[in-house]
>>> print(open('input-v8.txt').read())   # compact mmCIF, C-alpha atoms
# COMPACT_ATOMS: atom_id res chain seq x y z
CA MET F 1 -52.53 68.41 80.93
CA ASN F 2 -51.90 71.73 82.62
CA GLY F 3 -48.83 72.61 80.58
CA ILE F 4 -45.22 71.83 79.65
CA THR F 5 -42.25 74.07 80.45
CA LEU F 6 -38.79 73.51 78.94
CA LEU F 7 -35.69 74.53 80.90
CA CYS F 8 -32.50 75.57 79.15
CA LYS F 9 -29.07 76.82 80.22
CA VAL F 10 -27.04 78.14 77.30
CA VAL F 11 -23.57 76.58 77.42
CA ASP F 12 -22.43 76.24 73.80
CA ASN F 13 -23.60 79.43 72.09
CA TYR F 14 -26.70 78.51 70.08
CA GLY F 15 -26.48 74.73 70.32
CA ASP F 16 -28.45 74.29 73.55
CA ALA F 17 -31.01 76.93 72.65
CA GLY F 18 -31.27 75.48 69.15
CA VAL F 19 -32.29 72.03 70.35
CA VAL F 20 -34.75 73.51 72.86
CA TYR F 21 -36.27 75.79 70.21
CA ARG F 22 -36.59 72.87 67.79
CA LEU F 23 -38.19 70.63 70.41
CA ALA F 24 -40.65 73.36 71.42
CA ARG F 25 -41.60 73.90 67.77
CA ALA F 26 -42.07 70.19 67.16
CA LEU F 27 -44.20 69.73 70.29
CA SER F 28 -46.36 72.76 69.47
CA ALA F 29 -47.05 71.39 66.00
CA LEU F 30 -48.58 68.20 67.41
CA PRO F 31 -52.36 67.88 67.77
CA ASP F 32 -53.67 68.88 71.21
CA CYS F 33 -50.27 69.93 72.55
CA PRO F 34 -50.77 71.67 75.92
CA PRO F 35 -49.56 75.25 76.53
CA LEU F 36 -45.78 75.57 76.35
CA GLY F 37 -43.28 77.74 78.22
CA ILE F 38 -39.50 78.09 78.17
CA ILE F 39 -37.26 79.08 81.08
CA ILE F 40 -33.88 80.14 79.69
CA ASP F 41 -30.85 81.77 81.29
CA ASP F 42 -29.75 83.69 78.17
CA ALA F 43 -32.61 84.77 75.92
CA ARG F 44 -30.15 86.40 73.51
CA ALA F 45 -29.34 83.02 71.98
CA LEU F 46 -33.01 82.15 71.60
CA ALA F 47 -33.78 85.58 70.14
CA GLN F 48 -31.32 84.95 67.29
CA LEU F 49 -33.19 81.76 66.40
CA ALA F 50 -36.69 83.08 67.04
CA PRO F 51 -36.95 86.74 65.97
CA GLY F 52 -39.44 88.55 68.13
CA ILE F 53 -38.07 87.33 71.45
CA VAL F 54 -36.55 90.22 73.41
CA ALA F 55 -33.51 89.59 75.60
CA GLY F 56 -33.66 91.01 79.11
CA GLN F 57 -37.38 90.66 79.76
CA ALA F 58 -38.42 88.69 82.83
CA VAL F 59 -41.57 87.33 81.17
CA GLN F 60 -42.77 87.67 77.60
CA THR F 61 -45.20 86.09 75.17
CA TYR F 62 -43.85 84.86 71.84
CA GLU F 63 -45.93 84.01 68.78
CA CYS F 64 -44.39 81.40 66.50
CA THR F 65 -43.60 82.53 62.97
CA ALA F 66 -45.01 81.24 59.69
CA ASP F 67 -41.97 79.10 58.83
CA SER F 68 -41.82 77.39 62.24
CA GLY F 69 -44.30 74.61 61.57
CA CYS F 70 -46.52 75.87 64.40
CA ALA F 71 -47.53 79.33 63.16
CA GLY F 72 -49.78 81.29 65.51
CA VAL F 73 -48.96 79.22 68.60
CA THR F 74 -47.85 81.33 71.55
CA TRP F 75 -45.27 80.47 74.22
CA ARG F 76 -44.41 82.11 77.51
CA ILE F 77 -40.68 82.84 77.82
CA TYR F 78 -39.25 83.26 81.34
CA ASP F 79 -35.88 84.60 82.44
CA TRP F 80 -34.09 81.96 84.54
CA ASN F 81 -32.54 84.75 86.63
CA ALA F 82 -35.74 86.74 87.27
CA GLY F 83 -37.00 84.81 90.27
CA LYS F 84 -38.79 87.75 91.90
CA VAL F 85 -41.07 88.05 88.88
CA CYS F 86 -41.33 84.43 87.79
CA ALA F 87 -41.71 82.65 91.14
CA PRO F 88 -45.17 84.10 91.95
CA LEU F 89 -46.43 83.06 88.51
CA PHE F 90 -45.27 79.46 88.96
CA GLU F 91 -46.50 79.39 92.55
CA HIS F 92 -49.96 80.25 91.22
CA GLU F 93 -49.84 77.63 88.44
CA MET F 94 -47.10 75.01 88.34
CA PRO F 95 -46.80 73.11 85.02
CA ASP F 96 -47.57 69.40 85.03
CA ILE F 97 -44.38 68.64 83.11
CA LEU F 98 -40.92 70.20 83.33
CA LEU F 99 -38.48 69.23 80.58
CA GLU F 100 -34.91 69.63 81.85
CA CYS F 101 -32.83 69.80 78.70
CA PHE F 102 -29.26 68.51 78.87
CA GLN F 103 -29.33 67.97 82.65
CA CYS F 104 -29.48 71.74 83.10
CA GLY F 105 -31.09 71.55 86.55
CA ARG F 106 -33.56 74.18 87.74
CA PRO F 107 -33.30 77.80 88.90
CA ASP F 108 -33.21 78.17 92.68
CA TRP F 109 -36.59 79.90 92.80
CA LEU F 110 -38.25 77.03 90.93
CA ASP F 111 -36.51 74.39 93.05
CA GLY F 112 -37.79 76.15 96.16
CA LEU F 113 -41.36 75.98 94.90
CA LEU F 114 -41.12 72.35 93.82
CA PHE F 115 -39.89 71.10 97.17
CA ALA F 116 -41.64 73.54 99.47
CA PRO F 117 -42.99 71.80 102.62
CA GLY F 118 -46.74 71.40 102.46
CA ALA F 119 -47.07 71.97 98.71
CA ALA F 120 -50.00 69.98 97.31
CA PHE F 121 -49.30 69.85 93.56
CA THR F 122 -47.67 66.95 91.69
CA THR F 123 -45.15 67.71 88.95
CA SER F 124 -43.13 65.39 86.74
CA ILE F 125 -39.61 66.22 85.56
CA VAL F 126 -38.37 64.69 82.31
CA ASN F 127 -34.63 64.93 81.73
CA ILE F 128 -34.01 65.26 77.98
CA ASP F 129 -30.44 64.07 77.72
CA TYR F 130 -27.72 64.73 75.17
CA LEU F 131 -27.87 62.85 71.89
CA THR F 132 -25.47 59.90 71.79
CA ALA F 133 -25.06 56.75 69.74
CA GLU F 134 -23.59 54.96 72.76
CA SER F 135 -25.43 51.87 74.00
CA TYR F 136 -26.28 53.42 77.37
CA ALA F 137 -28.93 55.54 75.61
CA GLU F 138 -31.12 52.44 75.38
CA ASP F 139 -30.41 51.47 79.00
CA PHE F 140 -31.27 54.89 80.43
CA HIS F 141 -34.30 55.62 78.25
CA CYS F 142 -37.46 55.92 80.40
CA LEU F 143 -35.67 55.05 83.64
CA GLN F 144 -36.72 56.76 86.84
CA SER F 145 -34.49 59.07 88.89
CA LEU F 146 -34.99 59.90 92.55
CA THR F 147 -35.97 63.33 93.83
CA ARG F 148 -36.35 64.75 97.34
CA SER F 149 -40.14 64.39 97.30
CA ALA F 150 -42.64 61.70 96.34
CA ARG F 151 -44.71 64.48 94.72
CA ILE F 152 -41.96 65.23 92.22
CA ARG F 153 -41.33 62.36 89.84
CA LYS F 154 -38.37 62.34 87.49
CA VAL F 155 -37.49 60.20 84.49
CA ASN F 156 -34.80 60.17 81.79
CA PHE F 157 -35.82 60.45 78.14
CA MET F 158 -33.05 59.73 75.67
CA PRO F 159 -32.84 60.94 72.08
CA GLY F 160 -31.05 58.35 70.02
CA PHE F 161 -30.42 56.29 66.94
CA THR F 162 -32.45 53.15 67.66
CA ALA F 163 -36.07 52.15 68.19
CA LYS F 164 -35.28 51.57 71.88
CA THR F 165 -34.65 55.30 72.40
CA GLY F 166 -36.81 58.36 71.83
CA GLY F 167 -35.45 58.84 68.29
CA LEU F 168 -34.79 62.21 66.63
CA ILE F 169 -37.03 65.19 65.94
CA LEU F 170 -38.84 64.86 62.61
CA ASP F 171 -40.49 68.27 62.32
CA ALA F 172 -42.63 68.92 59.25
CA PRO F 173 -40.69 71.90 57.75
CA PHE F 174 -37.49 69.86 57.77
CA MET F 175 -39.03 66.63 56.52
CA SER F 176 -40.69 68.43 53.58
CA ARG F 177 -37.21 69.33 52.30
CA VAL F 178 -35.37 66.04 52.83
CA GLY F 179 -34.53 64.73 49.36
CA ASN F 180 -36.11 67.80 47.74
CA ARG F 181 -33.39 70.23 46.71
CA ALA F 182 -35.85 72.56 44.97
CA ALA F 183 -37.95 72.92 48.15
CA ALA F 184 -34.78 73.45 50.16
CA PHE F 185 -33.68 76.33 47.94
CA ASP F 186 -37.16 77.85 48.09
CA ALA F 187 -36.52 78.31 51.81
CA LEU F 188 -33.09 79.80 51.10
CA ALA F 189 -34.23 82.39 48.56
CA VAL F 190 -34.77 84.98 51.31
CA TYR F 191 -30.98 84.93 51.79
CA GLY F 192 -30.35 85.38 48.08
CA LEU F 193 -29.22 81.76 47.64
CA HIS F 194 -30.23 79.93 44.46
CA ASP F 195 -29.39 76.54 43.02
CA ASP F 196 -26.73 77.00 40.35
CA GLY F 197 -25.91 73.29 40.13
CA SER F 198 -22.80 73.49 42.34
CA PHE F 199 -21.56 70.71 44.60
CA ILE F 200 -22.63 72.26 47.90
CA VAL F 201 -20.42 71.90 50.99
CA PRO F 202 -21.64 73.60 54.19
CA VAL F 203 -18.87 74.04 56.77
CA PHE F 204 -19.78 74.59 60.42
CA THR F 205 -17.34 72.99 62.87
CA TYR F 206 -15.03 73.85 65.74
CA GLU F 207 -11.60 75.39 65.16
CA ARG F 208 -9.14 73.18 63.31
CA ASP F 209 -6.56 73.17 60.53
CA PHE F 210 -8.64 73.08 57.34
CA THR F 211 -5.69 72.46 55.00
CA PRO F 212 -6.72 68.81 54.32
CA LEU F 213 -10.28 69.78 53.47
CA VAL F 214 -9.21 72.67 51.22
CA THR F 215 -6.72 70.37 49.46
CA ALA F 216 -9.30 67.65 48.87
CA LEU F 217 -11.96 70.10 47.70
CA THR F 218 -9.44 71.60 45.28
CA VAL F 219 -8.89 68.17 43.75
CA LEU F 220 -12.64 67.62 43.53
CA ASN F 221 -13.20 71.06 42.01
CA GLU F 222 -10.62 70.41 39.31
CA SER F 223 -12.29 67.13 38.36
CA ALA F 224 -15.78 68.72 38.55
CA PRO F 225 -17.77 65.46 38.57
CA GLY F 226 -20.94 65.83 36.51
CA GLY F 227 -19.94 69.39 35.73
CA LYS F 228 -20.55 70.43 39.36
CA HIS F 229 -17.98 72.84 40.69
CA ILE F 230 -17.44 73.28 44.43
CA ALA F 231 -19.34 75.89 46.42
CA VAL F 232 -18.48 76.05 50.12
CA TYR F 233 -21.19 77.66 52.26
CA LEU F 234 -19.28 78.90 55.28
CA ALA F 235 -21.33 79.48 58.42
CA PRO F 236 -20.36 82.22 60.87
CA GLY F 237 -18.66 81.01 64.01
CA ARG F 238 -15.55 79.24 65.16
CA SER F 239 -14.65 77.53 61.88
CA CYS F 240 -14.98 80.62 59.69
CA LYS F 241 -11.59 82.30 60.21
CA PRO F 242 -9.42 79.14 60.12
CA PHE F 243 -11.17 77.90 56.98
CA LEU F 244 -10.69 81.21 55.20
CA THR F 245 -7.03 81.20 56.25
CA ALA F 246 -6.43 77.76 54.70
CA TRP F 247 -8.43 78.70 51.60
CA CYS F 248 -6.52 81.94 51.04
CA LEU F 249 -3.16 80.22 51.52
CA ALA F 250 -4.19 77.71 48.85
CA GLY F 251 -4.92 80.54 46.40
CA ARG F 252 -8.70 80.57 46.73
CA PRO F 253 -9.08 77.54 44.44
CA PHE F 254 -12.89 77.27 44.59
CA ARG F 255 -15.89 79.40 45.47
CA VAL F 256 -16.65 80.22 49.11
CA MET F 257 -19.80 81.99 50.27
CA GLU F 258 -19.72 83.47 53.77
CA LEU F 259 -23.21 83.08 55.22
CA PRO F 260 -25.03 85.44 57.56
CA PHE F 261 -26.56 84.05 60.73
CA MET F 262 -29.52 82.08 59.35
CA SER F 263 -32.84 81.08 60.84
CA GLN F 264 -33.05 77.51 62.06
CA THR F 265 -35.39 76.47 59.26
CA ALA F 266 -33.12 78.02 56.62
CA TRP F 267 -30.03 76.28 58.03
CA ASP F 268 -31.98 73.01 57.99
CA ALA F 269 -32.86 73.65 54.35
CA LEU F 270 -29.19 74.17 53.49
CA LEU F 271 -28.29 70.83 55.06
CA CYS F 272 -31.07 69.22 52.98
CA ALA F 273 -29.65 70.83 49.81
CA ALA F 274 -26.04 69.89 50.67
CA ASP F 275 -23.94 67.33 48.85
CA PHE F 276 -21.37 66.92 51.65
CA SER F 277 -21.49 68.67 55.05
CA PHE F 278 -18.89 69.29 57.74
CA ILE F 279 -20.82 69.95 60.94
CA ARG F 280 -20.50 70.11 64.70
CA GLY F 281 -22.61 69.97 67.85
CA GLU F 282 -25.89 68.17 68.44
CA ASP F 283 -28.48 70.17 66.53
CA SER F 284 -26.70 70.30 63.15
CA PHE F 285 -25.38 66.78 63.70
CA ALA F 286 -28.89 65.35 64.12
CA ARG F 287 -30.12 67.27 61.06
CA ALA F 288 -27.25 65.96 58.93
CA CYS F 289 -27.93 62.39 60.03
CA LEU F 290 -31.55 62.70 58.90
CA ALA F 291 -30.86 64.57 55.66
CA GLY F 292 -29.24 61.55 54.02
CA ALA F 293 -26.23 63.23 52.36
CA PRO F 294 -22.61 62.48 53.34
CA PHE F 295 -21.23 64.43 56.30
CA VAL F 296 -18.30 64.50 58.71
CA TRP F 297 -19.10 65.24 62.34
CA HIS F 298 -16.70 67.30 64.47
CA ALA F 299 -17.52 66.29 68.05
CA TYR F 300 -17.00 68.60 71.01
CA VAL F 301 -13.48 68.04 72.37
CA GLN F 302 -13.45 66.37 75.79
CA ASP F 303 -10.79 65.43 78.34
CA GLU F 304 -8.58 62.49 77.39
CA GLU F 305 -10.14 62.55 73.90
CA TYR F 306 -13.37 61.01 75.16
CA GLN F 307 -15.02 62.49 72.07
CA LEU F 308 -13.50 59.57 70.15
CA VAL F 309 -15.69 57.17 72.13
CA LYS F 310 -18.76 59.08 71.00
CA VAL F 311 -17.53 59.21 67.41
CA GLN F 312 -16.81 55.48 67.38
CA ALA F 313 -20.29 54.76 68.75
CA LEU F 314 -21.78 56.68 65.83
CA LEU F 315 -19.54 54.84 63.39
CA ASP F 316 -20.66 51.52 64.80
CA ARG F 317 -24.28 52.51 64.08
CA MET F 318 -23.33 53.51 60.53
CA ARG F 319 -21.18 50.47 59.71
CA PRO F 320 -23.95 48.18 58.31
CA TYR F 321 -24.84 50.68 55.59
CA PHE F 322 -21.48 50.68 53.79
CA ALA F 323 -19.28 48.19 51.99
CA SER F 324 -16.43 47.18 54.27
CA GLU F 325 -13.57 48.88 52.41
CA LEU F 326 -15.54 52.12 52.03
CA PHE F 327 -16.46 52.09 55.69
CA GLU F 328 -12.86 51.57 56.79
CA THR F 329 -11.89 54.71 54.88
CA LEU F 330 -14.78 56.65 56.38
CA GLN F 331 -14.00 55.43 59.89
CA GLU F 332 -10.33 56.38 59.64
CA LEU F 333 -11.28 59.87 58.44
CA PHE F 334 -13.82 60.43 61.25
CA LEU F 335 -11.36 59.36 63.92
CA LEU F 336 -8.46 61.40 62.53
CA TYR F 337 -10.71 64.42 62.07
CA ASN F 338 -11.66 64.26 65.75
CA ARG F 339 -8.19 63.70 67.20
CA THR F 340 -6.43 66.48 69.10
CA TYR F 341 -2.72 67.16 68.54
CA ALA F 342 -1.31 69.66 70.99
CA ASP F 343 2.29 69.71 69.77
CA GLY F 344 1.65 70.67 66.15
CA GLY F 345 4.69 68.56 65.21
CA ALA F 346 5.37 65.61 62.95
CA ALA F 347 2.39 63.59 64.19
CA CYS F 348 0.08 66.48 63.37
CA SER F 349 1.55 66.92 59.87
CA THR F 350 1.24 63.21 59.15
CA GLN F 351 -2.38 62.98 60.22
CA LEU F 352 -3.31 66.13 58.27
CA ALA F 353 -1.79 64.67 55.11
CA ARG F 354 -3.62 61.40 55.70
CA GLN F 355 -6.94 63.23 56.13
CA SER F 356 -6.51 64.82 52.73
CA GLU F 357 -5.84 61.41 51.14
CA LEU F 358 -8.92 59.92 52.79
CA LEU F 359 -11.16 62.78 51.70
CA VAL F 360 -10.00 62.51 48.10
CA SER F 361 -10.71 58.77 48.23
CA LEU F 362 -14.22 59.31 49.63
CA PHE F 363 -15.04 62.01 47.08
CA ALA F 364 -13.97 59.57 44.34
CA ALA F 365 -16.49 57.04 45.72
CA TYR F 366 -19.18 59.66 46.24
CA ASP F 367 -22.15 57.83 44.69
CA ARG F 368 -21.64 54.73 46.83
CA LEU F 369 -20.98 56.87 49.86
CA ARG F 370 -24.23 58.79 49.40
CA GLN F 371 -26.21 55.57 49.07
CA GLY F 372 -24.94 54.43 52.47
CA TYR F 373 -25.77 57.72 54.18
CA ALA F 374 -29.23 57.76 52.58
CA ALA F 375 -29.98 54.25 53.87
CA PHE F 376 -28.76 55.19 57.36
CA ALA F 377 -30.98 58.29 57.35
CA ALA F 378 -34.02 56.35 56.16
CA ASP F 379 -33.72 53.91 59.04
CA LEU F 380 -33.35 56.78 61.54
CA ARG F 381 -36.51 58.37 60.20
CA GLY F 382 -38.20 55.00 60.54
CA ASN F 383 -37.64 55.12 64.31
CA GLY F 384 -40.30 57.83 64.52
CA ASP F 385 -40.44 61.36 65.90
CA LEU F 386 -38.96 62.23 69.28
CA ALA F 387 -41.54 64.95 69.98
CA SER F 388 -44.45 62.59 69.27
CA HIS F 389 -42.88 59.86 71.41
CA LEU F 390 -42.26 62.31 74.24
CA LEU F 391 -45.78 63.75 74.29
CA ALA F 392 -47.34 60.27 74.13
CA TYR F 393 -45.06 59.13 76.93
CA VAL F 394 -45.89 61.92 79.37
CA ARG F 395 -49.60 61.59 78.66
CA GLU F 396 -49.57 57.87 79.31
CA CYS F 397 -47.27 57.83 82.31
CA PHE F 398 -47.99 61.09 84.11
CA CYS F 399 -51.41 62.24 82.99
CA GLY F 400 -53.37 59.00 82.76
CA GLY F 401 -53.96 55.93 84.86
CA ASN F 402 -50.44 54.58 84.59
CA LYS F 403 -48.22 56.15 87.24
CA ASP F 404 -45.28 53.75 86.88
CA VAL F 405 -42.49 55.82 85.36
CA GLN F 406 -39.97 53.00 85.61
CA ARG F 407 -40.98 51.45 82.28
CA CYS F 408 -44.18 52.88 80.77
>>> encode(input="input-v8.txt", output="structure tokens")
Amino acid sequence: MNGITLLCKVVDNYGDAGVVYRLARALSALPDCPPLGIIIDDARALAQLAPGIVAGQAVQTYECTADSGCAGVTWRIYDWNAGKVCAPLFEHEMPDILLECFQCGRPDWLDGLLFAPGAAFTTSIVNIDYLTAESYAEDFHCLQSLTRSARIRKVNFMPGFTAKTGGLILDAPFMSRVGNRAAAFDALAVYGLHDDGSFIVPVFTYERDFTPLVTALTVLNESAPGGKHIAVYLAPGRSCKPFLTAWCLAGRPFRVMELPFMSQTAWDALLCAADFSFIRGEDSFARACLAGAPFVWHAYVQDEEYQLVKVQALLDRMRPYFASELFETLQELFLLYNRTYADGGAACSTQLARQSELLVSLFAAYDRLRQGYAAFAADLRGNGDLASHLLAYVRECFCGGNKDVQRC
């Protein structure tokens, strides 16, 4: 195989770059992985996750760090917007495989090369779609898409929650810390974080009113189950200020630690050490699903509250792992947590109060709740590794004797 190049457009801060960085790391850690490149339109986001990458350079070589799981491997990083520099390099040597992440498309200069009249090379495009628990993930997985040229083949590859999808990324650094709190804190020591026996609650969501969560955590802190007092680990970003506002108004009733921007592997370790996480996006969401501890997912708000469809699809996947009455409580909380109330009136006040009641109820049933999440995570891990599935797929379908990309 001549090489694999991932394409990324940064839309949601570090979320898009985070998934691409994780996928590149996981692929590079596999035996006999071909050379890897990344074309990205905003290298600043990637540089935060992968120190050593320099924003603003048209082309650069990056050597993976010791904690990445693929230490010593080098990647070529290309600026999406630097066509004058990048186009001649790709014209000389076009990768066999282009991974379009999140339907990001291709820069104009690359599109011009791919579909240039008279070009002799053959390239395959794999669209790595967004993670969803919806049933269409199984229907679209490994289905062919049309392009403007018979030389350029394209197929969809779907991350997902079932064995009929590509699964989730099971990279070695993360998996070594799942269920191993001591190993997780070893990775966090560089940030001065140590295990003091607290009930750990990472918070990293979109903006919202955090009064229900602060109220419920106050109740939990006062009861201190097993002697564990609450420690909220507050990530920088959109949830930081509104959480601190609610916490201060409540009289700062438990400990809050404001985190610096952490490396991807360190953030993963924190989710492995967590007792209950409140997370957003795709990257942290997938990590929380695999870690096996309770979490609440704050989905990206969409028109006409379509995010509730995505949340319900996840809940339907989770349902078999919980007793019915416990699941009904969990489901009501997830759906209320992801509703949008524009008026801020009585309906908003009522649903905020109800969220607090539901959280208190779930904390009271914590042991049973954790058992359900752990069983859900174990089955997800049993679906296998997305990176391994992806590399095996492109080798079989595009680089071997089997050229049928419809259903390889």
>>> axis_aligned_box(input="input-v8.txt", around="range 283-291 of chain F", padding_each_side="8 Å", output="JSON")
{"center_x": -28.5, "center_y": 66.3, "center_z": 61.1, "size_x": 22.2, "size_y": 23.9, "size_z": 26.9}
>>> closest_residue(input="input-v8.txt", among="F:Phe115, F:Leu110, F:Leu270, F:Ile77", to="Leu193 in chain F", atoms="all atoms listed in the file")
F:Leu270
>>> closest_residue(input="input-v8.txt", among="F:Ile230, F:Pro253, F:Val394, F:Leu220", to="Phe363 in chain F", atoms="all atoms listed in the file")
F:Leu220
>>> residues_around(input="input-v8.txt", residues="range 177-179 of chain F", least_positions_apart="3", cutoff="7 Å", atoms="all atoms listed in the file", output="MDAnalysis selection string")
chainID F and resid 173:174 183:184 269 272 291
>>> residues_near_point(input="input-v8.txt", point="(-18.2, 60.3, 74.5)", cutoff="10 Å", atoms="all atoms listed in the file", output="list in words")
Thr132, Ala133, Glu134, Ala299, Tyr300, Val301, Gln302, Asp303, Glu305, Tyr306, Gln307, Leu308, Val309, Lys310, Val311, Gln312 and Ala313 of chain F
>>> residues_around(input="input-v8.txt", residues="Arg44 in chain F", least_positions_apart="6", cutoff="12 Å", atoms="all atoms listed in the file", output="VMD selection string")
chain F and resid 9 to 10 13 to 14 17 to 18 50 to 57 77 79
>>> closest_residue(input="input-v8.txt", among="F:Val201, F:Glu207, F:Leu113, F:Pro260", to="Val232 in chain F", atoms="all atoms listed in the file")
F:Val201
>>> closest_residue(input="input-v8.txt", among="F:Leu188, F:Met257, F:Ala45, F:Ala216", to="Ala364 in chain F", atoms="all atoms listed in the file")
F:Ala216
>>> closest_residue(input="input-v8.txt", among="F:Gly112, F:Gly15, F:Pro320, F:Pro294", to="Phe90 in chain F", atoms="all atoms listed in the file")
F:Gly112
>>> closest_residue(input="input-v8.txt", among="F:Phe157, F:Phe398, F:Phe121, F:Tyr206", to="Arg238 in chain F", atoms="only C-alpha atoms")
F:Tyr206
>>> residues_near_point(input="input-v8.txt", point="(-32.2, 68.4, 65.5)", cutoff="9 Å", atoms="only C-alpha atoms", output="PyMOL selection string")
chain F and resi 18-19+22-23+168-171+268+282-288+290
>>> atom_distance(input="input-v8.txt", atom1="CA of Ala82 in chain F", atom2="CA of Gly118 in chain F")
24.2 Å
>>> atom_distance(input="input-v8.txt", atom1="CA of Val214 in chain F", atom2="CA of Ser263 in chain F")
26.9 Å
>>> atom_distance(input="input-v8.txt", atom1="CA of Phe276 in chain F", atom2="CA of Gly292 in chain F")
9.8 Å
>>> residues_around(input="input-v8.txt", residues="Val360 in chain F", least_positions_apart="6", cutoff="12 Å", atoms="all atoms listed in the file", output="PyMOL selection string")
chain F and resi 212-223+329-330+333+353-354+366
>>> residues_around(input="input-v8.txt", residues="Leu380 in chain F", least_positions_apart="6", cutoff="9 Å", atoms="all atoms listed in the file", output="MDAnalysis selection string")
chainID F and resid 160:163 167:168 289:290
>>> write_last_selection(input="input-v8.txt", atoms="C-alpha atoms", output="PDB file, keeping the file's coordinate frame")
ATOM      1  CA  GLY F 160     -31.050  58.350  70.020  1.00  0.00           C
ATOM      2  CA  PHE F 161     -30.420  56.290  66.940  1.00  0.00           C
ATOM      3  CA  THR F 162     -32.450  53.150  67.660  1.00  0.00           C
ATOM      4  CA  ALA F 163     -36.070  52.150  68.190  1.00  0.00           C
ATOM      5  CA  GLY F 167     -35.450  58.840  68.290  1.00  0.00           C
ATOM      6  CA  LEU F 168     -34.790  62.210  66.630  1.00  0.00           C
ATOM      7  CA  CYS F 289     -27.930  62.390  60.030  1.00  0.00           C
ATOM      8  CA  LEU F 290     -31.550  62.700  58.900  1.00  0.00           C
TER       9      LEU F 290
END
